[in-house]
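The structure under discussion appears below in the form of structure tokens.
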Amino acid sequence: MRVLLPVEDDVEDLSTTLGGLSTNAEKSQAKPASKETLQDAKTEDDTKDDEPSDVNENDAVEEEDINDDELEVEVKLADIQADPNSPLYSVKDFSKLGLHENLLKGIYEMGFVKPSKIQERALPLLLANPPRNMIGQSQSGTGKTAAFVLTMLSRVDYDLNMPQALCLLPSRELARQTMEVVEKMGKYTPMRAKYAIKDSVKKGEKIDAHIIIGTPGTVTDLIRKRALPLDSIKLIVLDEADNMLDMQGLADQTMRIKGFIKHECQAVLFSATFPDNVRAFIQSFAPKANEIRLKATELTVDGIKQFYMNCRDSEHKIEVLSMLYSLMTVGQSIIFVRTRKTAERIASRMTAEGHAIVFLHGAQDVAERDKVMDRFKRGDIKVLITTNVIARGIDIQQVNLVINYDIPVDGDNRPDPETYLHRIGRTGRFGRTGASVNFVHDEVSLDQMEAIQESLGCNITMVPTDDWEKAHKILKKALK
Ligand SMILES: Nc1ncnc2c1ncn2[C@@H]1O[C@H](COP(=O)(O)OP(=O)(O)OP(=O)(O)O)[C@@H](O)[C@H]1O
């Protein structure tokens, strides 16, 4: 049995706080239960959003010197990580977190220098023996993925060719992104990882990879077909856990998958948000968990400046958008809309004006979704219009502007602060700066935005729509 033993076990008392919040953590001995490996697979998934659309593209639009930006971020990151009030702050370095040296090699090769607060706090708890469940909350873009990926890579016995860690996520795009992180971090281990997303597993194939990354629909399907054996699963991870256990969302499938695992298994839940309505599900999925939680007032990331623009009516919104893009130099941006129809309308207008735009929604076929996402991630296209399908988790560091063309609301048309947080969190990743702009066009949308502002205790500042010189100045400053 090949085991990834930690380099060093120097773990502190973790009955501690994240951003001042108490955890019920216990003293950990940080003996990662790891063993080791690598390889992978590729393919497709499920969906979870509304309607179809098409993809309009050509390349041009706004440009920005990303290299300059990166440099600035690198310099600033060290300062931010030295600030005890920052979610990126840590007192230790990665070598003190009980990780195997082959994992440290992977981490350093990714350019990580110091852990973030959530990584520093969560990892020793996650790796301690006997394994204990974990509910981990930290602001968007603060490195939760590394925390659970390193746990999976540490826990797996690389001599056992059986699925041992199962990671469930709400979208195909997030599964693909997480696979990339697993491959990079596990580069110096013999790990093998496999997708469980739509079209990823051939008929008759039996999965024997160590780590499985997938969406609940496909995972359920594979379990039913006996293609995904669960006998050796020792770790189940839910990323965007509140979303995965939201009654209106994926909860049934996710709970059922857990129910298929008949033996003891460590449950690890991460998200930037854990609203009250999912509390019961979370407790039953991960009983007696170590918890790292944020206070309600700590949910937003300082680096993301939040604005709103008052539009006369819904028609005026498209004019304001168009004006915004003709005036501003934006790195990359994401425009969130409520329906596919709106996405189509905006796309055709902006395309006609010469902007290069792609859009992504749950009704597109998987190959198209992958193509759109890959182009946007590569930076070939600067503007992505989308519904909530990628509101969560997607990490594209060059995105410095998020537009809520429609204020996020839930299925009952009530303001949805969690979705708002996740949407704006597509910018301001790991200490970077970014801006979000909300469009309001009537009393209802204004009320919705104000309700979100109140619930999060954040400041959303007005940018005029009748003084473009001023608007330009404000946004330019925020976008730097
Ligand atoms: N210790 C670190 N040092 C430098 N960069 C890091 C570190 N940890 C993570 N990152 C980078 O920070 C970015 C955000 O990380 P990640 O996607 O894990 O955030 P998250 O907390 O999961 O966000 P979300 O809530 O949006 O899912 C990624 O680009 C990741 O590579």
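Following the order of the structure tokens, first chain is A, next is B, and so on, with residues numbered from 1 inside each chain and ligands from 1 in the order they appear.
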> Can you list, as a ChimeraX atom specification, every protein, DNA or RNA residue that comes within 8 Å of range 126-141 of chain A when you count only C-alpha atoms, leaving out same-chain residues fewer than 4 positions away?
Replying inline: /A:28-33,87,98,118,122,151,154-155,266-274,286-294,298-301,393,395,421-422,425-426,428-430
Find the residues of range 73-127 of chain A that sit at most 8 Å from range 185-206 of chain A; for each, write down the nearest two atoms and how far apart they are in Å, to one decimal. Count only C-alpha atoms. Sort by chain, then by number going up, and give it as JSON lines.
{"residue": "A:Asn102", "atom": "CA", "partner": "A:Tyr188", "partner_atom": "CA", "distance": 5.3}
{"residue": "A:Leu103", "atom": "CA", "partner": "A:Met185", "partner_atom": "CA", "distance": 6.1}
{"residue": "A:Lys105", "atom": "CA", "partner": "A:Tyr188", "partner_atom": "CA", "distance": 7.1}
{"residue": "A:Gly106", "atom": "CA", "partner": "A:Met185", "partner_atom": "CA", "distance": 4.5}
{"residue": "A:Ile107", "atom": "CA", "partner": "A:Met185", "partner_atom": "CA", "distance": 5.7}
{"residue": "A:Met110", "atom": "CA", "partner": "A:Met185", "partner_atom": "CA", "distance": 7.6}
>> Please identify the strand (DSSP E) residues within range 86-209 of chain A (assignment by DSSP from backbone atoms) and present them as a ChimeraX atom specification.
In response: /A:134-137,165-168,193-196
Can you write out the residues you just picked, keeping C-alpha atoms, as a PDB file, in the first residue's frame?
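Final file, result.pdb:
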ATOM      1  CA  MET A 134     -16.380  19.043   7.940  1.00  0.00           C
ATOM      2  CA  ILE A 135     -18.603  21.979   7.099  1.00  0.00           C
ATOM      3  CA  GLY A 136     -16.363  24.718   5.787  1.00  0.00           C
ATOM      4  CA  GLN A 137     -17.389  28.221   4.844  1.00  0.00           C
ATOM      5  CA  ALA A 165     -13.115   9.878  -3.023  1.00  0.00           C
ATOM      6  CA  LEU A 166     -16.297  11.179  -4.599  1.00  0.00           C
ATOM      7  CA  CYS A 167     -16.643  14.885  -5.272  1.00  0.00           C
ATOM      8  CA  LEU A 168     -20.077  16.193  -6.263  1.00  0.00           C
ATOM      9  CA  ALA A 193      -9.188  10.690 -11.416  1.00  0.00           C
ATOM     10  CA  LYS A 194     -12.276  10.237 -13.535  1.00  0.00           C
ATOM     11  CA  TYR A 195     -15.213  12.411 -14.505  1.00  0.00           C
ATOM     12  CA  ALA A 196     -18.743  11.374 -13.759  1.00  0.00           C
TER      13      ALA A 196
END
>> Just list as a PyMOL selection string whatever in range 275-349 of chain A DSSP marks as helix (DSSP H, G or I).
In response: chain A and resi 276-285+296-298+314-327+340-349
>> So that I can check the surroundings of Ser232 in chain A, please list as an MDAnalysis selection string every protein, DNA and RNA residue that reaches within 7 Å of it, counting only C-alpha atoms and ignoring chain neighbours fewer than 3 positions away.
In response: chainID A and resid 162:164
Now that the selection is made, can you save its residues with N, CA, C and O atoms as a PDB file, in the first residue's frame?
ATOM      1  N   MET A 162      -9.734   1.421  -6.880  1.00  0.00           N
ATOM      2  CA  MET A 162     -11.179   1.537  -6.649  1.00  0.00           C
ATOM      3  C   MET A 162     -11.499   3.003  -6.366  1.00  0.00           C
ATOM      4  O   MET A 162     -10.663   3.704  -5.779  1.00  0.00           O
ATOM      5  N   PRO A 163     -12.701   3.447  -6.738  1.00  0.00           N
ATOM      6  CA  PRO A 163     -13.096   4.810  -6.356  1.00  0.00           C
ATOM      7  C   PRO A 163     -13.101   4.959  -4.836  1.00  0.00           C
ATOM      8  O   PRO A 163     -13.704   4.131  -4.138  1.00  0.00           O
ATOM      9  N   GLN A 164     -12.395   5.984  -4.348  1.00  0.00           N
ATOM     10  CA  GLN A 164     -12.312   6.174  -2.895  1.00  0.00           C
ATOM     11  C   GLN A 164     -12.753   7.558  -2.448  1.00  0.00           C
ATOM     12  O   GLN A 164     -13.145   7.757  -1.308  1.00  0.00           O
TER      13      GLN A 164
END
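Counting only C-alpha atoms, range 245-254 of chain A has the following residues at most 9 Å away, ignoring those fewer than 4 positions along the same chain: Lys48, Leu168, Pro170, Pro216, Gly217, Val219, Thr220, Leu238, Glu240, Ala241, Lys258, Gly259, Asn277, Val278, Phe281, Ile282, Phe285 and Gly411 of chain A.
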Next, write the just-selected residues to a file, as a short mmCIF file (atom, residue, chain, number, x, y, z; two decimals), in the first residue's frame, keeping C-alpha atoms as the atom set.
data_model
loop_
_atom_site.label_atom_id
_atom_site.label_comp_id
_atom_site.auth_asym_id
_atom_site.auth_seq_id
_atom_site.Cartn_x
_atom_site.Cartn_y
_atom_site.Cartn_z
CA LYS A 48 -29.38 22.82 -13.83
CA LEU A 168 -20.08 16.19 -6.26
CA PRO A 170 -23.57 21.45 -9.24
CA PRO A 216 -25.34 14.23 -9.08
CA GLY A 217 -27.47 13.23 -12.07
CA VAL A 219 -23.30 9.92 -10.62
CA THR A 220 -26.73 8.50 -9.73
CA LEU A 238 -19.90 18.45 -1.74
CA GLU A 240 -21.25 24.45 -3.25
CA ALA A 241 -22.84 22.30 -0.58
CA LYS A 258 -25.04 9.41 0.16
CA GLY A 259 -27.69 6.81 1.02
CA ASN A 277 -33.07 26.79 4.95
CA VAL A 278 -30.49 24.07 4.24
CA PHE A 281 -30.06 18.82 5.29
CA ILE A 282 -26.51 19.80 6.03
CA PHE A 285 -25.54 14.84 5.51
CA GLY A 411 -37.95 30.49 -7.67
#
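Distances here use only C-alpha atoms and all ligand atoms; by that measure, the residue among A:Arg349, A:Lys382, A:Arg432, A:His472 closest to ligand 1 is A:Arg432.
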>> Give me the residues near Cys458 in chain A as a PyMOL selection string, where near means some atom within 9 Å (using only C-alpha atoms) and where sequence neighbours in that chain fewer than 4 positions away do not count.
In response: chain A and resi 297+300+306+452-454
Filtering to N, CA, C and O atoms, could you give me those residues as a compact mmCIF listing (two decimals), in the first residue's frame?
# COMPACT_ATOMS: atom_id res chain seq x y z
N THR A 297 -21.86 39.12 8.54
CA THR A 297 -21.26 40.37 8.05
C THR A 297 -19.93 40.16 7.33
O THR A 297 -19.34 41.10 6.81
N THR A 300 -18.98 39.17 2.27
CA THR A 300 -18.50 39.77 1.03
C THR A 300 -16.98 39.96 1.05
O THR A 300 -16.36 40.03 2.10
N GLN A 306 -19.05 47.22 -5.25
CA GLN A 306 -20.41 46.94 -5.72
C GLN A 306 -21.15 48.23 -6.09
O GLN A 306 -21.17 49.17 -5.32
N ILE A 452 -31.27 42.70 -0.80
CA ILE A 452 -30.00 41.95 -0.83
C ILE A 452 -28.93 42.72 -0.07
O ILE A 452 -28.20 42.18 0.76
N GLN A 453 -28.89 44.02 -0.33
CA GLN A 453 -27.90 44.87 0.33
C GLN A 453 -28.08 44.81 1.84
O GLN A 453 -27.12 44.65 2.59
N GLU A 454 -29.31 44.88 2.27
CA GLU A 454 -29.58 44.85 3.70
C GLU A 454 -29.20 43.50 4.30
O GLU A 454 -28.56 43.40 5.34
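CA of Leu456 in chain A is found 21.9 Å from CA of Pro84 in chain A.
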> Could you pull the residues within 9 Å of Lys317 in chain A, counting only C-alpha atoms, minus those fewer than 5 positions along the same chain, as a ChimeraX atom specification?
Replying inline: /A:309-312,322,405,439-441
